[in-house]
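Q: Quick one: this structure, given as structure tokens, is what I'll be asking you about.
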Amino acid sequence: MALLTPIVNWFHIPCDIVHAGTNAQMGAYLQAPLLEASTGISRYFWVGILTYFGNVLKLPLLGLLFHIFAKGLRGTGTVLDSLKIGVFSASPVLLFGWIPYFGLISGLWVGYLYVVGFCKPHNTSLGATILLVNLLIGIQVASAFLFGWLGSSEPW
């Protein structure tokens with residue numbers, strides 16, 4: 001994704017809430033022009049680097065956050081089980097998130113994988129897990145609108 005996102009941007013397809021697969025892409029797209037201005041290195045290079053490192057840093061943090069949520073639901077799984085939820089659910093987006101609209105479309109699949117990921121290895125109740133996943137997706141959508149949409153219409 002980190003290699004293909006700059007190519008898609010080169011075709012003037014932005015990384016906004018509609019086109020991007022991850023928040024790391026949206027953040028990279030917004031910050032790349034600033035880094036280009038300060039370093040003289042192409043913004044497309046910076047989109048690739050920031051997308052890569054943003055996603056690499058996100059997965060362990062997501063695993064820890066999921067473990068805290070699983071324990072809050074009285075789950076019995078391990079930290080590794082929680083990390084697997086983040087990795088497995090993010091895999092389609094990390095592989096194909098560079099394709100415009102894929103992140104938006106795959107959100108339902110990711111939500112389903114979150115529910116299965118919490119219920120099976122952590123032995124949490126289905127109702128509480130669905131409620132938690134809806135809350136997490138709501139937070140994700142709100143943050144994407146707040147941080148991803150604002151300023152993303154600036155032309156490159």
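Identifiers in the structure tokens: chain A, B, ... in order shown; residue index from 1 per chain; ligand index from 1 in order shown.
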Give me the residues near A:Asn123 as a VMD selection string, where near means some atom within 10 Å (using only C-alpha atoms) and where sequence neighbours in that chain fewer than 2 positions away do not count.

A: chain A and resid 70 73 to 77 116 to 121 125 to 126 129

Q: How about saving the chosen residues, N, CA and C atoms kept, as an mmCIF file, in the first residue's frame?

A:
data_model
loop_
_atom_site.group_PDB
_atom_site.id
_atom_site.type_symbol
_atom_site.label_atom_id
_atom_site.label_comp_id
_atom_site.auth_asym_id
_atom_site.auth_seq_id
_atom_site.Cartn_x
_atom_site.Cartn_y
_atom_site.Cartn_z
ATOM 1 N N ALA A 70 -11.238 -5.960 25.132
ATOM 2 C CA ALA A 70 -11.619 -7.353 25.360
ATOM 3 C C ALA A 70 -11.693 -7.654 26.851
ATOM 4 N N LEU A 73 -14.767 -6.371 28.318
ATOM 5 C CA LEU A 73 -15.911 -7.234 28.027
ATOM 6 C C LEU A 73 -15.792 -8.585 28.741
ATOM 7 N N ARG A 74 -14.848 -8.669 29.671
ATOM 8 C CA ARG A 74 -14.573 -9.906 30.416
ATOM 9 C C ARG A 74 -14.078 -11.030 29.509
ATOM 10 N N GLY A 75 -13.295 -10.649 28.501
ATOM 11 C CA GLY A 75 -12.739 -11.628 27.575
ATOM 12 C C GLY A 75 -11.617 -12.437 28.202
ATOM 13 N N THR A 76 -11.368 -13.621 27.626
ATOM 14 C CA THR A 76 -10.372 -14.525 28.187
ATOM 15 C C THR A 76 -9.132 -14.667 27.318
ATOM 16 N N GLY A 77 -9.068 -14.008 26.190
ATOM 17 C CA GLY A 77 -7.953 -14.159 25.267
ATOM 18 C C GLY A 77 -6.692 -13.447 25.729
ATOM 19 N N VAL A 116 -16.170 -11.155 14.996
ATOM 20 C CA VAL A 116 -15.687 -12.535 15.085
ATOM 21 C C VAL A 116 -14.397 -12.592 15.895
ATOM 22 N N GLY A 117 -13.526 -11.622 15.684
ATOM 23 C CA GLY A 117 -12.246 -11.600 16.391
ATOM 24 C C GLY A 117 -12.388 -11.446 17.897
ATOM 25 N N PHE A 118 -13.368 -10.675 18.329
ATOM 26 C CA PHE A 118 -13.590 -10.540 19.768
ATOM 27 C C PHE A 118 -14.333 -11.752 20.327
ATOM 28 N N CYS A 119 -15.346 -12.213 19.619
ATOM 29 C CA CYS A 119 -16.190 -13.302 20.146
ATOM 30 C C CYS A 119 -15.447 -14.624 20.260
ATOM 31 N N LYS A 120 -14.728 -15.010 19.242
ATOM 32 C CA LYS A 120 -14.116 -16.341 19.218
ATOM 33 C C LYS A 120 -12.932 -16.470 20.174
ATOM 34 N N PRO A 121 -11.832 -15.746 19.970
ATOM 35 C CA PRO A 121 -10.679 -15.996 20.861
ATOM 36 C C PRO A 121 -10.853 -15.432 22.268
ATOM 37 N N SER A 125 -19.497 -11.992 24.773
ATOM 38 C CA SER A 125 -20.881 -12.156 24.321
ATOM 39 C C SER A 125 -21.100 -11.408 23.009
ATOM 40 N N LEU A 126 -21.953 -11.964 22.177
ATOM 41 C CA LEU A 126 -22.199 -11.389 20.856
ATOM 42 C C LEU A 126 -22.800 -9.989 20.951
ATOM 43 N N THR A 129 -20.254 -7.416 22.136
ATOM 44 C CA THR A 129 -19.223 -7.246 21.107
ATOM 45 C C THR A 129 -19.742 -6.401 19.954
#

Q: Residues near A:Asn134, anyone? I mean within 8 Å using only C-alpha atoms, not counting same-chain ones fewer than 4 positions away, as a list in words.

A: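 Neighbouring residues, sequence-local ones excluded: Gly111, Ile130 and Gly138 of chain A.
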
Q: Mind dumping the selected residues with N, CA and C atoms as a CSV table (one decimal), in the first residue's frame?

A:
chain,number,residue,atom,x,y,z
A,111,GLY,N,-15.7,-4.6,10.0
A,111,GLY,CA,-16.5,-4.7,11.2
A,111,GLY,C,-16.9,-6.1,11.5
A,130,ILE,N,-21.0,-6.6,19.5
A,130,ILE,CA,-21.5,-5.8,18.4
A,130,ILE,C,-21.7,-4.4,18.9
A,138,GLY,N,-18.0,3.9,14.9
A,138,GLY,CA,-18.5,5.2,15.0
A,138,GLY,C,-17.3,6.2,15.3

Q: Can you list every residue in stretch 51-134 of chain A that DSSP puts in helix (DSSP H, G or I), as a PyMOL selection string?

A: chain A and resi 51-72+79-96+102-105+107-122+126-134

Q: I need the residue nearest A:Asn55 from this list: A:Gly97, A:Gly72, A:Pro33, A:Gly40. Use only C-alpha atoms for the distance.

A: A:Gly97

Q: Just the number, please: distance in Å from atom CA of A:Met26 to atom CA of A:Phe96, one decimal.

A: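 These two atoms are separated by 15.0 Å.
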
Q: So the first atom is atom CA of A:Trp98 and the second is atom CA of A:Gln140; what is the distance between them in Å, to one decimal place?

A: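 Separation of atom CA of A:Trp98 and atom CA of A:Gln140: 18.4 Å.
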
Q: Please identify all polymer residues within 12 Å of A:Leu135, counting only C-alpha atoms, omitting same-chain residues fewer than 6 positions from it, and present them as JSON, numbers by chain.

A: {"A": [69, 111, 114, 115, 128, 129, 141, 142]}

Q: Using only C-alpha atoms, pick whichever of A:Ile85, A:Ile137, A:Leu94, A:Ala28 has the shortest atom-to-atom distance to A:Leu108.

A: A:Ile137

Q: What gap, in Å, lies between atom CA of A:Leu80 and atom CA of A:Val110?

A: 18.4 Å

Q: With distances taken over only C-alpha atoms, which residue among A:Val47, A:Leu146, A:Leu34, A:Val79 lies nearest A:Pro60?

A: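 Checking each of A:Val47, A:Leu146, A:Leu34, A:Val79 against A:Pro60, counting only C-alpha atoms, the winner is A:Val79.
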
Q: Can you pull out the residues contacting A:Pro6? Cut-off 8 Å, using only C-alpha atoms, and skip same-chain residues under 4 positions away; I want them as a list in words.

A: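 My reading of the contact set: Ala2, Trp10, Tyr44, Phe45, Val47 and Gly48 of chain A.
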
Q: For a quick check of understanding, using only C-alpha atoms, which of A:Gln25, A:Ile68, A:Leu113, A:Ser82 has the smallest distance to A:Pro100?

A: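 Of A:Gln25, A:Ile68, A:Leu113, A:Ser82, the one nearest A:Pro100, counting only C-alpha atoms, is A:Gln25.
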